[in-house]
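Peer 1: File follows, upload-v4.cif with mmCIF, C-alpha atoms:
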data_structure
#
loop_
_atom_site.label_atom_id
_atom_site.label_comp_id
_atom_site.auth_asym_id
_atom_site.auth_seq_id
_atom_site.Cartn_x
_atom_site.Cartn_y
_atom_site.Cartn_z
CA MET A 1023 189.39 128.55 52.75
CA PHE A 1024 192.97 128.95 53.92
CA ASN A 1025 194.63 131.90 55.61
CA ILE A 1026 197.43 133.06 53.35
CA LYS A 1027 200.16 135.66 53.04
CA ILE A 1028 200.81 137.10 49.57
CA THR A 1029 204.54 137.04 48.91
CA GLN A 1030 204.38 138.77 45.51
CA PHE A 1031 201.39 140.34 43.78
CA ILE A 1032 201.49 141.05 40.03
CA ASN A 1033 197.81 141.18 39.05
CA PRO A 1034 194.53 139.51 40.18
CA HIS A 1035 195.28 136.51 37.93
CA LEU A 1036 198.93 136.18 38.99
CA PHE A 1037 200.18 136.28 42.58
CA TYR A 1038 202.39 134.09 44.76
CA TYR A 1039 201.34 133.14 48.26
CA GLN A 1040 202.11 130.89 51.18
CA TYR A 1041 200.03 129.60 54.05
CA GLU A 1042 200.03 131.87 57.07
CA GLU A 1043 201.07 129.01 59.34
CA ASP A 1044 204.25 128.49 57.26
CA GLU A 1045 205.41 132.10 57.49
CA ASP A 1046 207.39 131.80 60.73
CA LEU A 1047 208.59 128.23 60.18
CA PRO A 1048 212.22 127.63 59.14
CA ARG A 1049 212.73 126.75 55.50
CA SER A 1050 213.63 123.18 54.62
CA TYR A 1051 216.98 124.02 53.00
CA ASP A 1052 218.23 126.71 55.42
CA GLU A 1053 220.38 124.38 57.50
CA ASP A 1054 221.82 122.60 54.46
CA LEU A 1055 222.72 125.88 52.78
CA LYS A 1056 224.41 127.13 55.93
CA ARG A 1057 226.40 123.89 56.27
CA ILE A 1058 227.47 123.38 52.63
CA LEU A 1059 228.01 126.86 51.22
CA PRO A 1060 230.94 129.11 52.23
CA LYS A 1061 230.87 131.72 54.98
CA LYS A 1062 231.25 135.49 54.79
CA GLN A 1063 235.05 135.19 54.78
CA TYR A 1064 234.84 133.64 51.30
CA PHE A 1065 233.74 136.97 49.78
CA LEU A 1066 236.54 138.84 51.53
CA GLU A 1067 239.25 136.54 50.19
CA THR A 1068 238.11 136.05 46.60
CA GLU A 1069 236.95 138.36 43.81
CA GLY A 1070 235.53 135.67 41.55
CA THR A 1071 232.02 135.78 40.12
CA TYR A 1072 229.68 132.97 39.14
CA ARG A 1073 227.72 133.29 35.90
CA PRO A 1074 224.72 130.93 36.02
CA GLN A 1075 222.57 129.98 33.06
CA LEU A 1076 218.96 130.97 32.55
CA ASN A 1077 216.49 128.99 34.74
CA GLU A 1078 219.34 127.59 36.83
CA ILE A 1079 218.78 127.22 40.59
CA VAL A 1080 221.63 128.79 42.55
CA GLY A 1081 222.42 130.01 46.02
CA HIS A 1082 222.22 133.74 46.69
CA TYR A 1083 224.07 135.28 49.63
CA ASN A 1084 222.20 138.02 51.49
CA ILE A 1085 224.96 140.28 52.80
CA VAL A 1086 222.68 142.15 55.20
CA GLU A 1087 221.42 139.06 57.03
CA ASP A 1088 224.49 136.87 56.45
CA LYS A 1089 222.31 134.13 55.00
CA TRP A 1090 222.04 131.90 51.90
CA ILE A 1091 218.74 131.44 50.06
CA ARG A 1092 217.81 129.31 47.05
CA CYS A 1093 216.94 131.28 43.91
CA GLN A 1094 216.13 130.56 40.27
CA VAL A 1095 217.52 132.73 37.47
CA ASP A 1096 214.59 134.27 35.55
CA HIS A 1097 216.35 136.90 33.44
CA ILE A 1098 219.88 138.08 32.60
CA THR A 1099 220.80 141.58 31.48
CA TYR A 1100 223.75 144.01 31.59
CA LYS A 1101 224.55 147.31 33.23
CA LEU A 1102 224.99 150.18 30.82
CA CYS A 1103 227.93 151.72 32.69
CA ASN A 1104 230.35 148.79 33.04
CA LYS A 1105 228.64 145.94 31.12
CA GLU A 1106 228.34 143.89 34.31
CA LYS A 1107 225.79 141.09 34.25
CA ILE A 1108 222.63 141.59 36.29
CA PHE A 1109 220.60 138.55 37.33
CA TYR A 1110 216.89 138.73 38.15
CA LEU A 1111 216.18 135.92 40.59
CA PHE A 1112 213.16 134.36 42.26
CA ALA A 1113 213.54 133.18 45.86
CA LEU A 1114 212.02 129.70 45.73
CA ASP A 1115 211.47 129.29 49.47
CA TYR A 1116 210.25 132.85 50.07
CA GLY A 1117 208.21 133.56 46.93
CA HIS A 1118 209.48 136.93 45.76
CA SER A 1119 211.83 138.34 43.11
CA LEU A 1120 215.14 140.08 43.66
CA GLU A 1121 218.14 141.42 41.77
CA SER A 1122 221.78 140.41 42.20
CA ILE A 1123 225.21 140.18 40.55
CA GLY A 1124 227.47 137.20 40.03
CA LYS A 1125 229.61 137.96 43.08
CA TRP A 1126 226.84 136.90 45.47
CA LEU A 1127 225.85 133.72 43.61
CA TYR A 1128 227.12 130.17 44.12
CA PRO A 1129 226.28 126.86 42.40
CA LEU A 1130 224.17 124.30 44.23
CA PRO A 1131 224.27 120.48 44.14
CA GLU A 1132 221.53 118.65 42.27
CA SER A 1133 219.93 117.47 45.50
CA MET A 1134 219.11 121.08 46.43
CA LYS A 1135 217.57 122.11 43.10
CA GLN A 1136 214.05 120.98 43.94
CA LYS A 1137 210.99 123.21 43.64
CA SER A 1138 209.54 124.70 46.79
CA LYS A 1139 206.56 123.00 48.45
CA THR A 1140 205.45 126.02 50.47
CA ILE A 1141 205.09 128.71 47.75
CA PHE A 1142 202.05 128.56 45.44
CA LEU A 1143 200.84 130.46 42.38
CA GLY A 1144 197.27 131.75 42.60
CA GLY A 1145 194.65 133.86 40.82
CA ILE A 1146 191.00 134.95 41.02
CA ASN A 1147 188.55 132.67 39.22
CA ASN A 1148 185.73 133.55 36.74
CA LEU A 1149 186.85 137.16 36.41
CA VAL A 1150 188.44 138.92 33.40
CA PRO A 1151 189.67 142.50 32.96
CA CYS A 1152 187.54 144.92 30.99
CA GLN A 1153 187.21 148.51 29.81
CA TYR A 1154 184.08 150.44 30.70
CA ALA A 1155 183.69 152.81 27.76
CA PHE A 1156 181.02 154.55 25.73
CA ASP A 1157 179.83 152.63 22.68
CA HIS A 1158 178.63 154.96 19.93
CA SER A 1159 176.85 152.19 18.07
CA VAL A 1160 174.35 151.61 20.87
CA TRP A 1161 174.83 154.98 22.57
CA LEU A 1162 175.48 153.40 25.97
CA ASN A 1163 178.38 152.61 28.32
CA GLU A 1164 179.38 148.96 27.95
CA HIS A 1165 182.02 146.56 29.24
CA LYS A 1166 184.57 145.43 26.67
CA LEU A 1167 187.08 142.65 27.24
CA SER A 1168 190.65 143.87 27.79
CA ASP A 1169 193.81 141.83 27.26
CA ASN A 1170 195.41 142.95 30.56
CA TRP A 1171 194.58 144.55 33.89
CA SER A 1172 194.66 148.32 34.10
CA SER A 1173 197.08 150.15 36.36
CA ARG A 1174 194.17 151.55 38.41
CA SER A 1175 192.86 148.08 39.17
CA ILE A 1176 196.33 146.95 40.28
CA LEU A 1177 196.66 150.00 42.52
CA MET A 1178 193.24 149.44 44.08
CA VAL A 1179 193.89 145.77 44.88
CA THR A 1180 197.34 146.47 46.30
CA ASP A 1181 195.92 149.15 48.57
CA MET A 1182 193.25 146.73 49.75
CA ILE A 1183 195.80 144.02 50.45
CA THR A 1184 198.19 146.25 52.36
CA THR A 1185 195.46 147.68 54.58
CA CYS A 1186 193.51 144.49 55.32
CA ARG A 1187 193.71 142.47 58.51
CA ALA A 1188 193.80 138.99 56.96
CA LEU A 1189 193.62 137.22 53.59
CA LYS A 1190 191.85 133.98 52.70
CA PHE A 1191 192.03 131.95 49.50
CA CYS A 1192 189.90 129.01 48.37
CA PRO A 1193 191.38 127.15 45.34
CA GLU A 1194 188.81 125.83 42.87
CA ILE A 1195 190.68 125.15 39.59
CA ARG A 1196 194.20 123.83 39.06
CA LEU A 1197 196.00 124.26 35.75
CA THR A 1198 198.62 121.82 34.45
CA GLY A 1199 201.50 124.07 35.57
CA GLY A 1200 200.25 124.21 39.16
CA HIS A 1201 198.47 127.56 38.80
CA LEU A 1202 195.53 127.67 41.24
CA PHE A 1203 192.44 129.79 40.59
CA GLY A 1204 189.82 130.42 43.23
CA LYS A 1205 188.14 132.95 45.50
CA LEU A 1206 190.18 135.63 47.30
CA MET A 1207 188.64 137.09 50.44
CA MET A 1208 189.98 139.67 52.86
CA THR A 1209 189.11 140.83 56.35
CA THR A 1210 189.16 144.60 56.74
CA LEU A 1211 190.22 146.52 59.82
CA ALA A 1212 186.52 146.81 60.69
CA LEU A 1213 186.30 142.97 60.65
CA ASP A 1214 184.18 142.92 57.49
CA GLU A 1215 184.53 140.07 54.99
CA VAL A 1216 185.08 141.48 51.49
CA ASP A 1217 185.35 139.61 48.21
CA VAL A 1218 188.07 141.10 45.99
CA SER A 1219 186.17 140.16 42.83
CA ASP A 1220 183.12 142.14 44.00
CA MET A 1221 185.27 145.22 44.50
CA LEU A 1222 186.69 144.93 40.99
CA LEU A 1223 183.20 144.51 39.56
CA ASP A 1224 181.82 147.52 41.43
CA GLN A 1225 184.58 149.77 40.06
CA HIS A 1226 184.05 148.45 36.48
CA TYR A 1227 187.61 147.09 36.33
CA ALA A 1228 186.43 143.53 35.63
CA MET A 1229 183.44 141.51 34.51
CA ARG A 1230 182.16 137.98 35.03
CA SER A 1231 183.13 135.33 32.50
CA ASN A 1232 181.12 132.23 31.63
CA GLN A 1233 183.98 130.85 29.51
CA PHE A 1234 186.86 131.68 31.81
CA MET A 1235 189.25 128.93 30.72
CA ARG A 1236 188.89 129.78 27.04
CA GLU A 1237 189.27 133.53 27.54
CA LEU A 1238 192.26 133.02 29.84
CA THR A 1239 194.28 131.66 26.93
CA ILE A 1240 193.58 134.82 24.91
CA LEU A 1241 194.52 137.28 27.66
CA ASN A 1242 198.03 138.38 28.63
CA THR A 1243 197.34 138.40 32.36
CA ILE A 1244 199.11 135.13 33.15
CA LYS A 1245 201.87 135.69 30.58
CA VAL A 1246 203.63 138.40 32.60
CA PRO A 1247 207.09 137.20 33.74
CA ARG A 1248 207.43 137.06 37.50
CA TRP A 1249 210.57 139.23 37.45
CA GLN A 1250 208.45 142.07 36.05
CA SER A 1251 205.48 143.98 37.36
CA ASN A 1252 202.20 144.08 35.46
CA ASP A 1253 203.28 147.19 33.52
CA GLY A 1254 206.52 145.53 32.38
CA ASN A 1255 208.82 147.40 34.75
CA ALA A 1256 211.74 145.22 35.81
CA GLY A 1257 212.59 147.41 38.76
CA SER A 1258 209.27 146.80 40.53
CA PHE A 1259 208.77 143.31 41.92
CA GLY A 1260 205.11 143.62 42.85
CA LEU A 1261 203.74 143.53 46.38
CA SER A 1262 204.59 141.39 49.39
CA THR A 1263 202.58 141.15 52.62
CA VAL A 1264 204.90 138.79 54.50
CA LYS A 1265 207.18 139.96 57.28
CA PRO A 1266 210.88 140.45 56.42
CA TYR A 1267 212.81 137.25 57.08
CA VAL A 1268 215.41 138.81 59.37
CA THR A 1269 217.07 136.04 61.32
CA GLY A 1270 219.67 137.90 63.38
CA HIS A 1271 219.56 140.84 65.75
CA VAL A 1272 220.72 144.32 64.88
CA GLN A 1273 224.19 144.94 66.27
CA PRO A 1274 224.77 148.16 68.25
CA VAL A 1275 226.72 150.80 66.40
CA ASP A 1276 230.16 151.38 67.86
CA ASN A 1277 232.17 154.60 67.76
CA GLU A 1278 235.13 153.13 65.90
CA MET A 1279 233.38 153.19 62.52
CA GLU A 1280 234.17 149.56 61.72
CA ILE A 1281 232.35 149.13 58.41
CA PRO A 1282 232.06 145.58 56.99
CA GLU A 1283 233.95 145.11 53.77
CA THR A 1284 231.06 143.19 52.23
CA LEU A 1285 228.84 146.27 52.09
CA ASP A 1286 228.97 148.41 49.00
CA LEU A 1287 230.10 152.01 48.85
CA PHE A 1288 226.57 153.40 49.11
CA MET A 1289 225.84 151.63 52.38
CA GLN A 1290 229.25 152.64 53.72
CA ASN A 1291 228.54 156.31 53.12
CA ILE A 1292 225.15 156.08 54.82
CA ARG A 1293 226.52 154.37 57.90
CA THR A 1294 229.44 156.76 58.10
CA LYS A 1295 227.10 159.76 58.12
CA VAL A 1296 224.92 158.20 60.82
CA ILE A 1297 227.88 157.37 63.06
CA THR A 1298 229.40 160.80 62.59
CA TRP A 1299 226.10 162.44 63.54
CA GLN A 1300 225.81 160.24 66.65
CA MET A 1301 229.36 161.08 67.75
CA ARG A 1302 228.78 164.81 67.21
CA GLN A 1303 225.58 164.73 69.25
CA GLU A 1304 227.21 162.78 72.07
CA ARG A 1305 230.19 165.16 72.13
CA PHE A 1306 227.92 168.22 72.27
CA PHE A 1307 225.73 166.99 75.11
CA ALA A 1308 228.78 165.76 77.03
CA THR A 1309 230.62 169.12 76.91
CA ALA A 1310 227.71 171.59 76.95
CA GLY A 1311 225.95 172.32 80.18
CA ASP A 1312 222.23 172.65 80.76
CA SER A 1313 222.39 176.46 80.53
CA GLU A 1314 224.00 176.37 77.08
CA VAL A 1315 221.50 173.86 75.76
CA HIS A 1316 218.64 176.00 77.11
CA HIS A 1317 220.20 179.14 75.62
CA ARG A 1318 220.42 177.53 72.16
CA ALA A 1319 216.85 176.34 72.41
CA SER A 1320 215.66 179.86 73.31
CA GLU A 1321 217.56 181.25 70.30
CA ILE A 1322 215.79 178.83 67.98
CA ILE A 1323 212.40 179.82 69.43
CA GLU A 1324 213.14 183.51 68.92
CA GLN A 1325 214.15 182.91 65.30
CA LEU A 1326 210.94 181.00 64.65
CA GLN A 1327 208.90 183.84 66.17
CA GLU A 1328 210.68 186.38 63.95
CA LEU A 1329 209.95 184.29 60.88
CA SER A 1330 206.29 184.03 61.81
CA MET A 1331 206.11 187.83 62.23
CA THR A 1332 207.59 188.45 58.80
CA GLU A 1333 205.16 186.17 57.00
CA GLU A 1334 202.79 187.81 54.56
CA PRO A 1335 199.26 188.24 55.97
CA ARG A 1336 196.79 185.81 54.55
CA ARG A 1337 194.13 187.24 52.28
CA LYS A 1338 190.73 187.30 53.95
CA PRO A 1339 187.92 185.45 52.20
CA MET A 1340 185.68 187.75 50.17
CA GLU A 1341 182.22 188.32 51.59
CA ARG A 1342 179.13 188.63 49.47
CA ASN A 1343 178.29 192.25 50.44
CA SER A 1344 181.88 193.45 50.05
CA ILE A 1345 181.88 193.33 46.22
CA ASN A 1346 182.13 196.78 44.58
CA PHE A 1347 181.65 197.80 41.00
CA ASP A 1348 185.31 198.80 40.85
CA ASP A 1349 186.29 195.14 41.20
CA PHE A 1350 185.06 194.38 37.68
CA PRO A 1351 187.15 195.94 34.89
CA LEU A 1352 184.37 195.36 32.36
CA ILE A 1353 182.12 198.09 33.77
CA ARG A 1354 184.90 200.46 34.74
CA GLY A 1355 185.57 203.63 32.66
CA ARG A 1356 184.94 203.01 28.96
CA GLY A 1357 183.36 199.65 29.68
CA LEU A 1358 180.41 201.37 31.38
CA ASN A 1359 179.90 203.77 28.46
CA ASN A 1360 180.00 200.88 25.99
CA LEU A 1361 177.34 199.03 27.94
CA ASN A 1362 175.10 202.12 27.96
CA LYS A 1363 175.56 202.58 24.21
CA LYS A 1364 174.62 198.95 23.57
CA LYS A 1365 171.45 199.36 25.61
CA GLU A 1366 170.50 202.50 23.67
CA LYS A 1367 170.99 200.70 20.33
CA LYS A 1368 168.75 197.86 21.46
CA ILE A 1369 166.03 200.32 22.48
CA LEU A 1370 166.23 202.10 19.14
CA ASN A 1371 166.02 198.83 17.23
CA VAL A 1372 162.99 197.78 19.19
CA THR A 1373 161.20 201.02 18.57
#
Would you mind writing the file's structure down as structure tokens?

Peer 2:
Amino acid sequence: MFNIKITQFINPHLFYYQYEEDEDLPRSYDEDLKRILPKKQYFLETEGTYRPQLNEIVGHYNIVEDKWIRCQVDHITYKLCNKEKIFYLFALDYGHSLESIGKWLYPLPESMKQKSKTIFLGGINNLVPCQYAFDHSVWLNEHKLSDNWSSRSILMVTDMITTCRALKFCPEIRLTGGHLFGKLMMTTLALDEVDVSDMLLDQHYAMRSNQFMRELTILNTIKVPRWQSNDGNAGSFGLSTVKPYVTGHVQPVDNEMEIPETLDLFMQNIRTKVITWQMRQERFFATAGDSEVHHRASEIIEQLQELSMTEEPRRKPMERNSINFDDFPLIRGRGLNNLNKKKEKKILNVT
């Protein structure tokens, strides 16, 4: 068994992982990408875009971290508003999917288009998805084979992964494409060892398979593209349990509102609002004395007290002995006479 970190989770048969010991190590191509590819000034001086082909390995520039990473193009689509090409990429050295445009892409030499040796594709062995439904022919609840994992099973496993203390994986079967199937274990916060397959079996989301390799070819569980989630949504790239690969330190915000030109308009507006709020708070506390700050705080407390006094009183819970006959409209007025008449008719019929 190896301690792992899941970099992208799609379903129990399809997830990408890396060894926990490789998480904090520098990637093999980081220095070469930094030395060969252009710097940030390149994007400020040019407006050109690169349009790679499908399955091509390119360099993607992360504007937030000022860093190049190797990615493979998995899917190409267009924006509806301006017909701009959108590229769905897979970070080869980090094991997760992302979305980009041609402005932040750059071609790579052939020597840097190798597959990653630290990211692996895994899945749980001898387990297939099922539906636990009522069978009218035998009049019992039975497990029936399903072609894909349900959304509830995906949600349960993702919650387990995000809240666990550690993950362990033991590969047992290797397919021709490098897909590894084995046993996935997790350590809970209470230091209990839990088998993920047992949890899926207990909730009737899966069942054991004696012919796993044959049934795997029939199912659609391993046919989901990695740029999609299990439900086919391209905007959701699954789950990642690795730490963000932030390499630099956060720069302090200055009061001159110097916004980098590489950030888009959305990020500019957010940072502008934050800086403006910081300047307004600093200006207020610099000019206002302690008495004024205390006076404003007392005003806020008085307003809150007035609001609490004007709130509607909560209805008291009804006690058992407090129920009156007037509370029931059925036996009020004509309803009572009707009930008496019905009783008289029954007595007459009996006699």

Peer 1: Compare A:Thr1294, A:Thr1140, A:Ile1026, A:Val1246 by their minimum atom-to-atom distance to Arg1187 in chain A, counting only C-alpha atoms, and give me the closest one.

Peer 2: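 Distance minimum relative to Arg1187 in chain A lands on A:Ile1026.
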
Peer 1: Of the candidates A:Lys1139, A:Lys1056, A:Arg1196, A:His1226, which shows the shortest atom-to-atom distance to Ser1175 in chain A, using all atoms listed in the file?

Peer 2: A:His1226

Peer 1: Given the PyMOL selection byres ((chain A and resi 1218) around 8) and the file above, list the residues it selects as a list in words.

Peer 2: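 Listing what the PyMOL selection byres ((chain A and resi 1218) around 8) selects in the shown file: Val1179, Leu1206, Met1207, Met1208, Val1216, Asp1217, Ser1219, Asp1220, Met1221 and Leu1222 of chain A.
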
Peer 1: Which residue out of A:Lys1061, A:His1035, A:Lys1105, A:Lys1135 has the minimum interatomic distance to Glu1078 in chain A when all atoms listed in the file are used?

Peer 2: A:Lys1135

Peer 1: The PyMOL selection byres ((chain A and resi 1199) around 12) - which residues does that actually catch in the file I just gave you? List them as a ChimeraX atom specification.

Peer 2: /A:1142-1144,1195-1198,1200-1203,1244

Peer 1: The centre and edge lengths of an axis-aligned box containing all atoms of range 1075-1087 of chain A present in the file, extended by 3 Å on each side, are to be given in Å to one decimal, as lines of an AutoDock Vina configuration file.

Peer 2:
center_x = 220.7
center_y = 134.7
center_z = 44.8
size_x = 14.5
size_y = 20.9
size_z = 30.5

Peer 1: Report as number ranges by chain the full result of the PyMOL selection byres ((chain A and resi 1098-1100) around 10) when it is applied to this structure.

Peer 2: A: 1073-1077, 1095-1097, 1101-1111, 1121, 1123

Peer 1: Can you measure CA of Glu1069 in chain A to CA of Val1086 in chain A for me? One decimal in Å is fine.

Peer 2: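 Result for CA of Glu1069 in chain A versus CA of Val1086 in chain A: 18.6 Å, one decimal.
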
Peer 1: Report the distance between CA of Thr1185 in chain A and CA of Met1229 in chain A in Å, rounded to one decimal place.

Peer 2: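 Calculated distance between CA of Thr1185 in chain A and CA of Met1229 in chain A is 24.2 Å.
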
Peer 1: CA of Arg1293 in chain A and CA of Lys1125 in chain A, how far apart in Å?

Peer 2: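 So the two atoms, CA of Lys1125 in chain A and CA of Arg1293 in chain A, lie 22.3 Å apart.
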